[in-house]
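Novice: Below you'll find the structure I mean.
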Amino acid sequence: MIPVFEPDIGDSEIEEVLAALKRGEISGSFGEAIPAFEQAFARYVGCRHGVAVSSGTAALQVAVAAAGIGPGDEVLVSASTNIATALAVAHNGALPVAVDSEAETWNLDLDLIERHITPRTRAIIPVHLFGHPVDMDRLCAIASKHRLTVIEDCAESHGATVRGRMTGSFGRQGCFSFYANKIITTGEGGMVTTDDDALADRLRLLRNLAFTQPRFRHELLGYNFRMTGMQAAMGVAQMRRIDEIVAAKRRLAAAYSRALAGIGWLQLPAEKDWARNVYWMYAVAIRPEAKIGRARVVDSLRAQGIDTRTFFCPMNQQPALQRLPGFDASPRPVADGLWERGFYLPSSTSLTSAEVEQVATALARAVAVG
């Protein structure tokens, strides 16, 4: 079976983790690996601060909390995304409002944002889906017009750029994930990037139970969202290779696009002329006019030894969110369609040319013999 993804871990990562263990950096409260990773990642993104946390979901939750968003507030989120984005809003007592996707990049549709803004709207969390960035120049202009905070969800976009500028550097905060299948990984882990000194201090306070002086008296409701030194040590090693990994992702995507160019019923991932797509996963969708069921295709691929994953269930269809008072569960037609027709293909950087051709042949066969 060709898996959807295998992490790119080598000897340098193992050596760094062992060195951190030997230094005793097994928690997230001390040591040299965490600040080294934070500084390297912030520098890569182009921000003054990086605040390491225990996961990408934790990064989003602490970012929303640090922005002062809470009960009575609304936050616009991408309709097509991992539920973690909306959970970060809901767990802070605010209401997520799903903005439908646009049909080319599958990111939130900027033409629809203003119709969802109400007097209670406080922020927008755009998701750079599957590695293609949102047009952040245009989104930030809309946010500025309505005095809204922008928190970027960059879980899938390490190294993606908008007109040459890195995702994670546009919003007041950028939230990254280092889960096992991300562009770079620490196994679990996340990071919040920001240029705001006071906000960075607040993020560091909140991630560590809001400890102040005296130590066990707490003014704020903090979180235990610390990253461990062992994880950060892996991140230090991965940062040395991030350009290499992004380049490998882009080469794989180019190989797929060449191999799949003749399959007319399949929509391939886009790359706008102002963007660098890092192709976190090589995501495709069955064109609606093709009238081909996704189950037929992915079942055939699995029978031929190729694993896949579906796109995300859209936020408006999530039962857990539908139970929130005031939540708008009305259809988001594009995101709803992507949920029915979208899937991504094996996307490990170690995938060979022969395996890419194997996947392409299997896709063609999935319909030809159906």
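How things are named: the first chain in the structure tokens is A, the next is B, and so on; residues count from 1 in each chain; ligands count from 1 in the order shown.
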For A:Phe343, find every residue with an atom within 10 Å (counting only C-alpha atoms), except residues of its own chain fewer than 6 positions away, and show them as a list in words.
Specialist: Met281, Tyr282, Ala283, Val284, Ala285, Ile286, Arg294, Val297, Val298, Thr308, Arg309, Thr310, Phe311 and Phe312 of chain A
Novice: Given the selection you just returned, output its residues as a file containing C-alpha atoms, formatted as a compact mmCIF listing (two decimals), in the first residue's frame.
Specialist:
# COMPACT_ATOMS: atom_id res chain seq x y z
CA MET A 281 -1.02 17.38 0.26
CA TYR A 282 -1.62 16.89 -3.44
CA ALA A 283 -5.36 17.49 -3.34
CA VAL A 284 -7.72 16.80 -6.23
CA ALA A 285 -11.47 16.91 -6.78
CA ILE A 286 -13.78 15.14 -9.19
CA ARG A 294 -15.80 9.63 -5.21
CA VAL A 297 -12.63 6.17 -7.34
CA VAL A 298 -11.09 5.87 -3.87
CA THR A 308 -6.22 8.39 0.00
CA ARG A 309 -7.98 10.82 2.36
CA THR A 310 -11.15 12.82 1.79
CA PHE A 311 -11.37 16.58 2.07
CA PHE A 312 -12.65 18.00 5.35
Novice: I'd like the contact shell of A:Glu32 - 9 Å cut-off, only C-alpha atoms, skipping same-chain residues fewer than 4 positions apart - returned as a ChimeraX atom specification.
Specialist: /A:20,25,36-37,229,233
Novice: Taking the backbone alone, and naming residues the way the document does, which bits of stretch 67-270 of chain A are helix (DSSP H, G or I) by DSSP, as a PyMOL selection string?
Specialist: chain A and resi 84-90+110-116+129-131+136-145+197-207+229-240+242-260
Novice: Convert the current residue selection to file output with C-alpha atoms, as a short mmCIF file (atom, residue, chain, number, x, y, z; two decimals), in the first residue's frame.
Specialist:
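Result file selection.cif:
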data_model
loop_
_atom_site.label_atom_id
_atom_site.label_comp_id
_atom_site.auth_asym_id
_atom_site.auth_seq_id
_atom_site.Cartn_x
_atom_site.Cartn_y
_atom_site.Cartn_z
CA ALA A 84 -9.68 22.63 14.91
CA THR A 85 -10.06 26.13 13.45
CA ALA A 86 -13.66 26.44 14.58
CA LEU A 87 -12.98 24.66 17.87
CA ALA A 88 -10.45 27.32 18.82
CA VAL A 89 -13.24 29.89 18.52
CA ALA A 90 -15.87 27.79 20.28
CA LEU A 110 -13.10 36.72 -0.26
CA ASP A 111 -16.14 37.94 -2.21
CA LEU A 112 -18.37 36.52 0.54
CA ILE A 113 -16.63 37.86 3.64
CA GLU A 114 -18.46 41.15 4.04
CA ARG A 115 -21.92 39.62 3.88
CA HIS A 116 -21.06 37.62 7.04
CA LEU A 129 -5.84 25.12 2.59
CA PHE A 130 -3.60 22.25 1.43
CA GLY A 131 -0.67 24.68 1.08
CA MET A 136 -3.76 38.01 2.31
CA ASP A 137 -3.28 41.48 0.86
CA ARG A 138 -6.93 41.59 -0.13
CA LEU A 139 -8.15 39.87 3.04
CA CYS A 140 -6.19 42.24 5.29
CA ALA A 141 -7.64 45.23 3.44
CA ILE A 142 -11.17 43.95 4.15
CA ALA A 143 -10.28 43.29 7.79
CA SER A 144 -8.77 46.74 8.19
CA LYS A 145 -11.87 48.35 6.71
CA ASP A 197 5.89 42.26 21.68
CA ALA A 198 3.08 42.55 24.23
CA LEU A 199 1.03 39.88 22.49
CA ALA A 200 4.02 37.51 22.46
CA ASP A 201 4.40 38.00 26.20
CA ARG A 202 0.72 37.24 26.69
CA LEU A 203 0.97 34.09 24.55
CA ARG A 204 3.94 32.86 26.59
CA LEU A 205 2.04 33.55 29.79
CA LEU A 206 -1.13 31.77 28.69
CA ARG A 207 0.65 28.65 27.37
CA GLY A 229 12.43 20.30 24.59
CA MET A 230 12.59 16.96 22.78
CA GLN A 231 9.98 18.11 20.27
CA ALA A 232 11.70 21.45 19.80
CA ALA A 233 15.01 19.69 19.19
CA MET A 234 13.43 17.79 16.31
CA GLY A 235 12.09 21.11 15.06
CA VAL A 236 15.59 22.62 15.10
CA ALA A 237 16.81 19.81 12.85
CA GLN A 238 13.77 20.10 10.57
CA MET A 239 14.31 23.84 10.20
CA ARG A 240 17.73 23.17 8.67
CA ILE A 242 12.73 23.15 5.47
CA ASP A 243 13.71 24.66 2.12
CA GLU A 244 14.73 21.20 0.89
CA ILE A 245 11.41 19.72 2.05
CA VAL A 246 9.33 22.49 0.45
CA ALA A 247 11.25 22.07 -2.80
CA ALA A 248 10.58 18.32 -2.69
CA LYS A 249 6.86 18.96 -2.15
CA ARG A 250 6.78 21.25 -5.17
CA ARG A 251 8.67 18.76 -7.36
CA LEU A 252 6.22 16.03 -6.37
CA ALA A 253 3.27 18.28 -7.24
CA ALA A 254 4.79 19.10 -10.63
CA ALA A 255 5.28 15.40 -11.32
CA TYR A 256 1.67 14.65 -10.38
CA SER A 257 0.34 17.52 -12.50
CA ARG A 258 2.21 16.22 -15.55
CA ALA A 259 1.09 12.65 -14.95
CA LEU A 260 -2.57 13.57 -14.38
#
Novice: Here is a test: counting only C-alpha atoms, which residue of A:Ala155, A:Arg332, A:Val367, A:Glu16 is nearest to A:Asn181?
Specialist: A:Ala155
Novice: Tell me, as a PyMOL selection string, which residues lie within 7 Å of A:Val162, counting only C-alpha atoms; anything in the same chain fewer than 4 positions away does not count.
Specialist: chain A and resi 133+135-136+166-167+274-276
Novice: Given the choices A:Val53, A:Ile14, A:Ile117, A:Ala329, which gets closest to A:Phe178 if the distance is worked out from only C-alpha atoms?
Specialist: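 Under the stated criterion, the closest residue is A:Val53.
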Novice: My list of candidates is A:Pro96, A:Val45, A:Asp73, A:Ala354. Which is closest to A:Arg323 when distances are computed with only C-alpha atoms?
Specialist: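 Smallest distance to A:Arg323 is found for A:Pro96.
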Novice: Measuring between only C-alpha atoms, which one of A:Ser80, A:Thr118, A:Ser353, A:Asn277 shows the shortest distance to A:Thr161?
Specialist: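 Ranking A:Ser80, A:Thr118, A:Ser353, A:Asn277 by distance to A:Thr161, first place goes to A:Asn277.
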Novice: Nearest to A:Pro71 among A:Gly174, A:Lys182, A:Leu324, A:Glu219, with distances taken over only C-alpha atoms: which residue is it?
Specialist: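 Ranking A:Gly174, A:Lys182, A:Leu324, A:Glu219 by distance to A:Pro71, first place goes to A:Leu324.
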Novice: Excluding A:His128 and its own-chain neighbours fewer than 2 positions away, which residues fall within 7 Å of it when counting only C-alpha atoms? Please give them as a list of chain:residue names.
Specialist: A:Asn107, A:Pro126, A:Phe130, A:Gly131, A:His132, A:Pro133, A:Val134, A:Asp153, A:Cys154, A:Glu156, A:Ser157
Novice: Mind writing the picked residues with N, CA, C and O atoms as an mmCIF file, in the first residue's frame?
Specialist:
data_model
loop_
_atom_site.group_PDB
_atom_site.id
_atom_site.type_symbol
_atom_site.label_atom_id
_atom_site.label_comp_id
_atom_site.auth_asym_id
_atom_site.auth_seq_id
_atom_site.Cartn_x
_atom_site.Cartn_y
_atom_site.Cartn_z
ATOM 1 N N ASN A 107 -9.871 27.872 -1.004
ATOM 2 C CA ASN A 107 -9.805 28.702 0.202
ATOM 3 C C ASN A 107 -11.106 29.479 0.372
ATOM 4 O O ASN A 107 -11.957 29.514 -0.531
ATOM 5 N N PRO A 126 -8.450 33.021 8.342
ATOM 6 C CA PRO A 126 -8.335 32.352 7.050
ATOM 7 C C PRO A 126 -7.428 31.135 7.162
ATOM 8 O O PRO A 126 -6.445 31.139 7.900
ATOM 9 N N PHE A 130 -4.443 23.199 2.169
ATOM 10 C CA PHE A 130 -3.598 22.252 1.425
ATOM 11 C C PHE A 130 -2.301 22.884 0.921
ATOM 12 O O PHE A 130 -1.642 22.326 0.037
ATOM 13 N N GLY A 131 -1.935 24.050 1.452
ATOM 14 C CA GLY A 131 -0.671 24.675 1.081
ATOM 15 C C GLY A 131 -0.786 25.848 0.138
ATOM 16 O O GLY A 131 0.221 26.516 -0.140
ATOM 17 N N HIS A 132 -1.991 26.120 -0.401
ATOM 18 C CA HIS A 132 -2.163 27.311 -1.254
ATOM 19 C C HIS A 132 -2.624 28.480 -0.396
ATOM 20 O O HIS A 132 -3.630 28.390 0.299
ATOM 21 N N PRO A 133 -1.896 29.602 -0.418
ATOM 22 C CA PRO A 133 -2.266 30.710 0.463
ATOM 23 C C PRO A 133 -3.519 31.449 0.005
ATOM 24 O O PRO A 133 -3.836 31.498 -1.189
ATOM 25 N N VAL A 134 -4.200 32.012 0.976
ATOM 26 C CA VAL A 134 -5.259 32.987 0.727
ATOM 27 C C VAL A 134 -4.601 34.277 0.244
ATOM 28 O O VAL A 134 -3.443 34.572 0.587
ATOM 29 N N ASP A 153 -4.444 30.765 9.948
ATOM 30 C CA ASP A 153 -4.278 29.338 10.200
ATOM 31 C C ASP A 153 -3.339 28.804 9.117
ATOM 32 O O ASP A 153 -3.739 28.580 7.969
ATOM 33 N N CYS A 154 -2.087 28.623 9.505
ATOM 34 C CA CYS A 154 -1.022 28.209 8.583
ATOM 35 C C CYS A 154 -0.614 26.759 8.803
ATOM 36 O O CYS A 154 0.518 26.369 8.481
ATOM 37 N N GLU A 156 -1.086 24.196 7.267
ATOM 38 C CA GLU A 156 -0.735 23.454 6.060
ATOM 39 C C GLU A 156 0.118 24.273 5.099
ATOM 40 O O GLU A 156 0.290 23.878 3.938
ATOM 41 N N SER A 157 0.682 25.400 5.552
ATOM 42 C CA SER A 157 1.280 26.326 4.586
ATOM 43 C C SER A 157 2.680 26.790 4.939
ATOM 44 O O SER A 157 3.093 27.861 4.497
#
Novice: Based on the backbone DSSP call, show me all residues of stretch 91-207 of chain A assigned strand (DSSP E), as a PyMOL selection string.
Specialist: chain A and resi 95-99+121-125+149-153+161-162+165-166+173-177+190-194
Novice: Generate the output file for the selected residues, C-alpha atoms, as a CSV table (one decimal), in the first residue's frame.
Specialist:
chain,number,residue,atom,x,y,z
A,95,LEU,CA,-19.3,31.7,17.7
A,96,PRO,CA,-17.5,30.5,14.5
A,97,VAL,CA,-19.1,31.7,11.3
A,98,ALA,CA,-18.3,29.6,8.2
A,99,VAL,CA,-17.4,31.4,5.0
A,121,THR,CA,-17.7,40.1,14.4
A,122,ARG,CA,-14.3,40.5,16.0
A,123,ALA,CA,-11.8,38.5,13.8
A,124,ILE,CA,-11.2,36.4,10.7
A,125,ILE,CA,-9.3,33.2,10.7
A,149,THR,CA,-8.3,41.0,13.9
A,150,VAL,CA,-6.7,38.6,11.5
A,151,ILE,CA,-5.3,35.3,12.8
A,152,GLU,CA,-3.9,33.1,10.1
A,153,ASP,CA,-4.3,29.3,10.2
A,161,THR,CA,4.0,32.9,0.0
A,162,VAL,CA,1.7,35.7,-1.2
A,165,ARG,CA,5.8,37.2,1.6
A,166,MET,CA,5.4,34.3,3.9
A,173,GLN,CA,-0.9,36.2,14.7
A,174,GLY,CA,0.0,33.2,12.6
A,175,CYS,CA,-0.7,29.6,13.8
A,176,PHE,CA,1.3,26.6,12.6
A,177,SER,CA,1.1,22.9,13.2
A,190,GLY,CA,2.6,24.1,17.1
A,191,MET,CA,3.8,27.7,16.9
A,192,VAL,CA,2.2,31.2,17.0
A,193,THR,CA,4.1,33.9,15.2
A,194,THR,CA,3.6,37.6,15.8
